[in-house]
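Peer 1: final-v6.csv is the file, holding CSV, C-alpha atoms:
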chain,number,residue,atom,x,y,z
A,114,MET,CA,196.5,70.7,-133.1
A,115,ARG,CA,193.3,72.3,-134.2
A,116,PHE,CA,194.2,75.9,-133.8
A,117,SER,CA,197.4,77.0,-135.5
A,118,PRO,CA,198.5,79.6,-138.0
A,119,GLU,CA,198.3,76.9,-140.6
A,120,THR,CA,194.6,76.2,-139.9
A,121,PHE,CA,193.6,79.7,-138.8
A,122,PRO,CA,195.9,82.2,-140.5
A,123,ILE,CA,196.4,85.4,-138.5
A,124,VAL,CA,196.8,88.6,-140.5
A,125,GLU,CA,197.5,92.1,-139.1
A,126,ALA,CA,194.7,94.4,-140.1
A,127,HIS,CA,196.1,97.5,-138.4
A,128,GLU,CA,199.1,98.1,-136.2
A,129,PRO,CA,198.7,99.7,-132.8
A,130,ALA,CA,197.7,103.3,-133.2
A,131,ALA,CA,195.7,106.1,-131.6
A,132,SER,CA,192.1,104.9,-131.9
A,133,ASP,CA,191.0,108.1,-133.6
A,134,ALA,CA,193.6,107.5,-136.4
A,135,ILE,CA,192.5,104.0,-137.5
A,136,ALA,CA,189.4,105.2,-139.4
A,137,GLY,CA,189.2,103.5,-142.8
A,138,THR,CA,192.9,102.5,-142.9
A,139,CYS,CA,192.7,98.8,-142.0
A,140,ASN,CA,193.9,96.3,-144.6
A,141,GLU,CA,191.3,94.6,-146.6
A,142,VAL,CA,191.0,90.9,-146.3
A,143,CYS,CA,189.6,88.3,-148.8
A,144,LEU,CA,187.1,85.7,-147.6
A,145,LYS,CA,186.9,83.8,-150.9
A,146,TYR,CA,188.7,80.7,-149.6
A,147,CYS,CA,187.5,80.5,-146.0
A,148,ASP,CA,184.4,80.1,-144.0
A,149,GLY,CA,184.7,83.6,-142.5
A,150,VAL,CA,186.9,85.8,-140.4
A,151,TRP,CA,187.3,86.8,-136.8
A,152,ILE,CA,188.1,90.4,-136.4
A,153,MET,CA,189.9,91.1,-133.1
A,154,VAL,CA,190.1,94.7,-131.8
A,155,HIS,CA,192.3,95.3,-128.8
A,156,GLU,CA,192.0,98.8,-127.3
A,157,ASP,CA,193.8,100.3,-124.3
A,158,TYR,CA,191.0,102.6,-123.2
A,159,ALA,CA,192.8,105.5,-121.4
A,160,ALA,CA,190.2,108.2,-122.0
A,161,ASP,CA,186.6,107.7,-121.2
A,162,ALA,CA,185.3,109.6,-124.2
A,163,THR,CA,184.6,109.1,-127.9
A,164,PRO,CA,184.4,105.3,-128.3
A,165,LEU,CA,185.2,103.6,-131.6
A,166,VAL,CA,182.3,102.7,-134.0
A,167,ILE,CA,182.9,99.7,-136.4
A,168,THR,CA,181.2,99.2,-139.7
A,169,ILE,CA,182.1,96.5,-142.3
A,170,HIS,CA,182.6,97.6,-145.9
A,171,LEU,CA,182.3,95.0,-148.7
A,172,GLY,CA,183.8,94.8,-152.2
A,173,ALA,CA,184.3,92.5,-155.1
A,174,THR,CA,187.9,93.7,-155.0
A,175,ALA,CA,190.2,95.0,-152.3
A,176,ALA,CA,190.0,98.5,-153.7
A,177,GLU,CA,186.2,98.4,-153.8
A,178,ALA,CA,186.1,97.3,-150.1
A,179,LEU,CA,188.5,100.1,-149.2
A,180,ALA,CA,186.4,102.6,-151.1
A,181,GLY,CA,183.6,101.9,-148.7
A,182,THR,CA,180.7,102.3,-151.1
A,183,THR,CA,178.9,99.1,-149.9
A,184,VAL,CA,178.3,98.4,-146.2
A,185,LEU,CA,177.4,95.0,-144.7
A,186,GLY,CA,173.8,95.3,-143.7
A,187,THR,CA,173.6,91.8,-142.1
A,188,ASN,CA,173.8,91.5,-138.3
A,189,PHE,CA,176.9,89.7,-137.1
A,190,PRO,CA,177.9,88.5,-133.7
A,191,ALA,CA,180.3,90.1,-131.3
A,192,TRP,CA,181.9,89.3,-128.0
A,193,LEU,CA,183.4,91.7,-125.5
A,194,CYS,CA,186.0,91.3,-122.8
A,195,ALA,CA,185.8,94.7,-121.2
A,196,HIS,CA,188.5,94.2,-118.5
A,197,ALA,CA,191.1,92.2,-120.4
A,198,LEU,CA,193.9,93.0,-117.9
A,199,THR,CA,192.0,91.3,-115.1
A,200,SER,CA,189.5,89.0,-116.7
A,201,ASP,CA,189.2,86.5,-119.6
A,202,ALA,CA,185.4,86.6,-119.6
A,203,PHE,CA,183.9,87.4,-123.0
A,204,VAL,CA,180.2,88.5,-123.0
A,205,LEU,CA,178.2,87.8,-126.1
A,206,GLN,CA,176.7,91.1,-127.4
A,207,THR,CA,173.4,91.5,-129.3
A,208,ALA,CA,174.0,90.9,-133.0
A,209,ALA,CA,174.1,94.1,-135.0
A,210,ALA,CA,175.4,95.5,-138.3
A,211,THR,CA,177.5,98.1,-136.6
A,212,TYR,CA,178.9,98.3,-133.0
A,213,THR,CA,180.1,101.0,-130.7
A,214,LEU,CA,183.3,99.8,-129.0
A,215,ASP,CA,183.1,101.3,-125.5
A,216,PRO,CA,184.4,99.2,-122.7
A,217,GLY,CA,182.7,101.5,-120.2
A,218,ALA,CA,185.4,103.1,-118.2
A,219,ALA,CA,188.9,104.6,-118.7
A,220,GLY,CA,191.7,102.5,-117.6
A,221,ASN,CA,190.3,99.3,-119.2
A,222,ASN,CA,191.9,97.2,-121.8
A,223,ALA,CA,189.1,95.8,-123.9
A,224,ILE,CA,189.1,93.0,-126.5
A,225,TRP,CA,186.3,92.9,-129.0
A,226,LEU,CA,185.8,89.8,-131.2
A,227,PHE,CA,183.6,90.0,-134.3
A,228,TYR,CA,182.7,87.1,-136.7
A,229,ILE,CA,181.9,87.8,-140.3
A,230,SER,CA,180.7,84.8,-142.2
A,231,ALA,CA,181.8,84.5,-145.9
A,232,ALA,CA,178.2,83.3,-146.6
A,233,SER,CA,176.8,86.6,-145.5
A,234,LEU,CA,178.7,88.3,-148.4
A,235,ALA,CA,177.3,86.0,-151.1
A,236,GLY,CA,174.3,88.1,-152.1
A,237,GLY,CA,176.4,90.8,-153.8
A,238,ASN,CA,179.2,88.6,-155.1
A,239,TYR,CA,181.6,90.2,-152.6
A,240,ASP,CA,184.8,88.4,-151.4
A,241,TRP,CA,186.5,91.3,-149.7
A,242,ILE,CA,185.8,93.1,-146.4
A,243,GLN,CA,187.4,96.1,-144.7
A,244,PRO,CA,186.4,97.2,-141.2
A,245,ASP,CA,185.9,100.9,-141.0
A,246,PHE,CA,186.2,102.8,-137.7
A,247,ALA,CA,184.7,106.1,-136.9
A,248,ASP,CA,185.4,108.4,-133.9
A,249,GLY,CA,187.8,107.0,-131.4
A,250,ASN,CA,190.1,108.9,-129.0
A,251,GLY,CA,193.7,110.0,-129.5
A,252,ALA,CA,194.5,108.9,-125.9
A,253,ASN,CA,193.4,105.3,-126.6
A,254,LEU,CA,195.5,102.8,-128.5
A,255,ALA,CA,193.9,100.2,-130.7
A,256,SER,CA,195.1,97.4,-132.9
A,257,VAL,CA,193.2,95.0,-135.2
A,258,LEU,CA,193.9,91.4,-136.2
A,259,TYR,CA,192.1,89.0,-138.6
A,260,ILE,CA,191.9,85.3,-137.9
A,261,LEU,CA,190.7,83.5,-141.0
A,262,ASP,CA,188.2,80.7,-140.2
A,263,ARG,CA,189.0,77.4,-141.9
A,264,PRO,CA,190.6,78.4,-145.1
A,265,ARG,CA,190.3,75.9,-148.0
A,266,TYR,CA,193.2,75.7,-150.5
A,267,GLN,CA,193.9,73.3,-153.3
A,268,GLN,CA,197.7,74.0,-153.3
A,269,GLU,CA,200.4,73.5,-150.8
A,270,THR,CA,201.2,77.2,-150.4
A,271,PRO,CA,198.1,79.1,-149.6
A,272,PRO,CA,197.3,82.3,-151.5
A,273,SER,CA,197.6,85.6,-149.8
A,274,SER,CA,194.4,87.0,-148.3
A,275,ILE,CA,195.7,90.6,-148.3
Since I need it in another form, could you write the structure as structure tokens?
Peer 2:
Amino acid sequence: MRFSPETFPIVEAHEPAASDAIAGTCNEVCLKYCDGVWIMVHEDYAADATPLVITIHLGATAAEALAGTTVLGTNFPAWLCAHALTSDAFVLQTAAATYTLDPGAAGNNAIWLFYISAASLAGGNYDWIQPDFADGNGANLASVLYILDRPRYQQETPPSSI
């Protein structure tokens, strides 16, 4: 089995909440022992107003990433499934350093997938990231998951990434 929680650990970044309440409250995640991380944002888009905006904060420590003083300036890829209730089609978006998460119409359930490569953090000796969300709408619910990409460990029990 190539995909499993042992080979691609899944970590909750933020429990389901009103999308305007997520802001800078996602858990930080360490990319030191992996190739990168998938960030999955699932939003029940009930109100067609005030979309979420995602920016990635960096840090040498979890606290530094959460403080948000350094922002990832490198473009990273994203995929969108704007109608997740009725379709499994993900559309590749233009790579950017920040994204506006707007599935386009109220009543949609959207899934966004972002990929942050650990190599893109190397320039500043950063190991930690924290996705920061701006705006959002209280009528919309959103949740965030991390899927670590190919962690590399030298011991039987992997270290925690949060």
Peer 1: May I have the residues at most 9 Å from (191.5, 95.4, -119.4) in the file's coordinates, counting all atoms listed in the file, as a PyMOL selection string?
Peer 2: chain A and resi 156-158+194-200+216+220-224
Peer 1: At what distance in Å, to one decimal, does CA of Pro129 (chain A) lie from CA of Gly251 (chain A)?
Peer 2: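 CA of Gly251 (chain A) sits 11.9 Å away from CA of Pro129 (chain A).
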Peer 1: If I take CA of Pro164 (chain A) and CA of Thr213 (chain A), how far is one from the other in Å, to one decimal?
Peer 2: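 Going from CA of Pro164 (chain A) over to CA of Thr213 (chain A) covers 6.5 Å.
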Peer 1: Quick one: pull the distance between CA of Ile260 (chain A) and CA of Thr187 (chain A), Å, one decimal.
Peer 2: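 If I compute the distance from CA of Ile260 (chain A) to CA of Thr187 (chain A), I get 19.9 Å.
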Peer 1: Pick out the residues sitting within 12 Å of region 181-186 of chain A, and hand them over as a ChimeraX atom specification; count all atoms listed in the file, and ignore anything fewer than 6 positions along from it in its own chain.
Peer 2: /A:136-139,141,167-175,208-211,229-246
Peer 1: With only C-alpha atoms as the atoms that count, which of A:Tyr228, A:Ala247, A:Gln206, A:Trp192 lies nearest to Trp151 (chain A)?
Peer 2: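 Among A:Tyr228, A:Ala247, A:Gln206, A:Trp192, it is A:Tyr228 that comes nearest to Trp151 (chain A).
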Peer 1: If I wrap all listed atoms of region 234-252 of chain A in a box with edges along x, y and z and add 8 Å on each side, what are its centre and edge lengths in Å to one decimal, as lines of an AutoDock Vina configuration file?
Peer 2:
center_x = 184.4
center_y = 98.0
center_z = -140.5
size_x = 36.2
size_y = 40.0
size_z = 45.2
Peer 1: Which is closer to Val150 (chain A) than all the others in A:Ala162, A:Leu261, A:Ala131, A:Val124, using all atoms listed in the file?
Peer 2: A:Leu261
Peer 1: Which residues are close to Thr163 (chain A), i.e. within 7 Å by all atoms listed in the file, leaving aside same-chain residues fewer than 4 positions away? Reply as a list in words.
Peer 2: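 Those residues are Asp248, Gly249 and Asn250 of chain A.
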Peer 1: Tell me which of A:Glu177, A:Glu128, A:Gly217, A:Asn188 sits closest to His155 (chain A), counting only C-alpha atoms.
Peer 2: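 Closest residue, counting only C-alpha atoms: A:Glu128.
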Peer 1: I need region 235-257 of chain A from the structure I supplied, saved as a PDB file, in the first residue's frame with N, CA, C and O atoms retained.
Peer 2:
ATOM      1  N   ALA A 235      14.049  26.207   2.493  1.00  0.00           N
ATOM      2  CA  ALA A 235      15.464  26.069   2.846  1.00  0.00           C
ATOM      3  C   ALA A 235      16.227  27.381   2.904  1.00  0.00           C
ATOM      4  O   ALA A 235      17.146  27.525   3.699  1.00  0.00           O
ATOM      5  N   GLY A 236      15.869  28.350   2.088  1.00  0.00           N
ATOM      6  CA  GLY A 236      16.620  29.603   2.022  1.00  0.00           C
ATOM      7  C   GLY A 236      16.726  30.347   3.335  1.00  0.00           C
ATOM      8  O   GLY A 236      17.713  31.004   3.609  1.00  0.00           O
ATOM      9  N   GLY A 237      15.734  30.237   4.194  1.00  0.00           N
ATOM     10  CA  GLY A 237      15.757  30.963   5.460  1.00  0.00           C
ATOM     11  C   GLY A 237      15.939  30.062   6.661  1.00  0.00           C
ATOM     12  O   GLY A 237      15.716  30.485   7.788  1.00  0.00           O
ATOM     13  N   ASN A 238      16.340  28.801   6.421  1.00  0.00           N
ATOM     14  CA  ASN A 238      16.487  27.813   7.494  1.00  0.00           C
ATOM     15  C   ASN A 238      15.194  27.637   8.279  1.00  0.00           C
ATOM     16  O   ASN A 238      15.203  27.549   9.502  1.00  0.00           O
ATOM     17  N   TYR A 239      14.086  27.593   7.583  1.00  0.00           N
ATOM     18  CA  TYR A 239      12.789  27.404   8.216  1.00  0.00           C
ATOM     19  C   TYR A 239      12.365  25.951   8.101  1.00  0.00           C
ATOM     20  O   TYR A 239      12.537  25.324   7.052  1.00  0.00           O
ATOM     21  N   ASP A 240      11.798  25.410   9.170  1.00  0.00           N
ATOM     22  CA  ASP A 240      11.267  24.046   9.164  1.00  0.00           C
ATOM     23  C   ASP A 240       9.766  24.021   9.381  1.00  0.00           C
ATOM     24  O   ASP A 240       9.126  23.028   9.118  1.00  0.00           O
ATOM     25  N   TRP A 241       9.208  25.118   9.899  1.00  0.00           N
ATOM     26  CA  TRP A 241       7.816  25.153  10.303  1.00  0.00           C
ATOM     27  C   TRP A 241       7.003  26.059   9.386  1.00  0.00           C
ATOM     28  O   TRP A 241       7.504  27.086   8.931  1.00  0.00           O
ATOM     29  N   ILE A 242       5.756  25.652   9.138  1.00  0.00           N
ATOM     30  CA  ILE A 242       4.817  26.509   8.413  1.00  0.00           C
ATOM     31  C   ILE A 242       3.517  26.595   9.206  1.00  0.00           C
ATOM     32  O   ILE A 242       3.226  25.746  10.058  1.00  0.00           O
ATOM     33  N   GLN A 243       2.756  27.630   8.899  1.00  0.00           N
ATOM     34  CA  GLN A 243       1.434  27.803   9.481  1.00  0.00           C
ATOM     35  C   GLN A 243       0.594  28.555   8.467  1.00  0.00           C
ATOM     36  O   GLN A 243       0.943  29.671   8.085  1.00  0.00           O
ATOM     37  N   PRO A 244      -0.479  27.927   7.961  1.00  0.00           N
ATOM     38  CA  PRO A 244      -1.338  28.647   7.025  1.00  0.00           C
ATOM     39  C   PRO A 244      -2.176  29.676   7.770  1.00  0.00           C
ATOM     40  O   PRO A 244      -2.776  29.367   8.806  1.00  0.00           O
ATOM     41  N   ASP A 245      -2.187  30.875   7.263  1.00  0.00           N
ATOM     42  CA  ASP A 245      -2.963  31.951   7.870  1.00  0.00           C
ATOM     43  C   ASP A 245      -4.102  32.286   6.921  1.00  0.00           C
ATOM     44  O   ASP A 245      -3.900  32.378   5.711  1.00  0.00           O
ATOM     45  N   PHE A 246      -5.281  32.446   7.469  1.00  0.00           N
ATOM     46  CA  PHE A 246      -6.450  32.750   6.664  1.00  0.00           C
ATOM     47  C   PHE A 246      -6.977  34.128   7.014  1.00  0.00           C
ATOM     48  O   PHE A 246      -7.049  34.492   8.184  1.00  0.00           O
ATOM     49  N   ALA A 247      -7.344  34.870   6.011  1.00  0.00           N
ATOM     50  CA  ALA A 247      -7.955  36.182   6.212  1.00  0.00           C
ATOM     51  C   ALA A 247      -9.372  36.132   5.661  1.00  0.00           C
ATOM     52  O   ALA A 247      -9.682  35.324   4.783  1.00  0.00           O
ATOM     53  N   ASP A 248     -10.186  37.014   6.158  1.00  0.00           N
ATOM     54  CA  ASP A 248     -11.562  37.176   5.707  1.00  0.00           C
ATOM     55  C   ASP A 248     -12.394  35.937   6.024  1.00  0.00           C
ATOM     56  O   ASP A 248     -12.404  35.495   7.147  1.00  0.00           O
ATOM     57  N   GLY A 249     -13.068  35.364   5.057  1.00  0.00           N
ATOM     58  CA  GLY A 249     -13.982  34.260   5.319  1.00  0.00           C
ATOM     59  C   GLY A 249     -15.352  34.787   5.680  1.00  0.00           C
ATOM     60  O   GLY A 249     -15.580  35.986   5.789  1.00  0.00           O
ATOM     61  N   ASN A 250     -16.292  33.867   5.869  1.00  0.00           N
ATOM     62  CA  ASN A 250     -17.670  34.246   6.138  1.00  0.00           C
ATOM     63  C   ASN A 250     -18.222  33.357   7.246  1.00  0.00           C
ATOM     64  O   ASN A 250     -18.031  32.140   7.229  1.00  0.00           O
ATOM     65  N   GLY A 251     -18.905  33.947   8.216  1.00  0.00           N
ATOM     66  CA  GLY A 251     -19.443  33.207   9.349  1.00  0.00           C
ATOM     67  C   GLY A 251     -20.478  32.167   8.971  1.00  0.00           C
ATOM     68  O   GLY A 251     -20.733  31.237   9.726  1.00  0.00           O
ATOM     69  N   ALA A 252     -21.094  32.291   7.793  1.00  0.00           N
ATOM     70  CA  ALA A 252     -22.078  31.307   7.339  1.00  0.00           C
ATOM     71  C   ALA A 252     -21.419  30.085   6.707  1.00  0.00           C
ATOM     72  O   ALA A 252     -22.063  29.067   6.502  1.00  0.00           O
ATOM     73  N   ASN A 253     -20.134  30.178   6.385  1.00  0.00           N
ATOM     74  CA  ASN A 253     -19.412  29.077   5.756  1.00  0.00           C
ATOM     75  C   ASN A 253     -18.617  28.314   6.813  1.00  0.00           C
ATOM     76  O   ASN A 253     -18.044  28.914   7.716  1.00  0.00           O
ATOM     77  N   LEU A 254     -18.556  27.004   6.670  1.00  0.00           N
ATOM     78  CA  LEU A 254     -17.755  26.170   7.563  1.00  0.00           C
ATOM     79  C   LEU A 254     -16.523  25.685   6.809  1.00  0.00           C
ATOM     80  O   LEU A 254     -16.617  25.308   5.644  1.00  0.00           O
ATOM     81  N   ALA A 255     -15.386  25.700   7.479  1.00  0.00           N
ATOM     82  CA  ALA A 255     -14.149  25.239   6.846  1.00  0.00           C
ATOM     83  C   ALA A 255     -13.361  24.385   7.826  1.00  0.00           C
ATOM     84  O   ALA A 255     -13.442  24.570   9.042  1.00  0.00           O
ATOM     85  N   SER A 256     -12.600  23.440   7.292  1.00  0.00           N
ATOM     86  CA  SER A 256     -11.674  22.642   8.090  1.00  0.00           C
ATOM     87  C   SER A 256     -10.391  22.500   7.293  1.00  0.00           C
ATOM     88  O   SER A 256     -10.383  22.622   6.068  1.00  0.00           O
ATOM     89  N   VAL A 257      -9.285  22.240   8.017  1.00  0.00           N
ATOM     90  CA  VAL A 257      -7.972  22.172   7.373  1.00  0.00           C
ATOM     91  C   VAL A 257      -7.248  20.921   7.871  1.00  0.00           C
ATOM     92  O   VAL A 257      -7.188  20.670   9.079  1.00  0.00           O
TER      93      VAL A 257
END
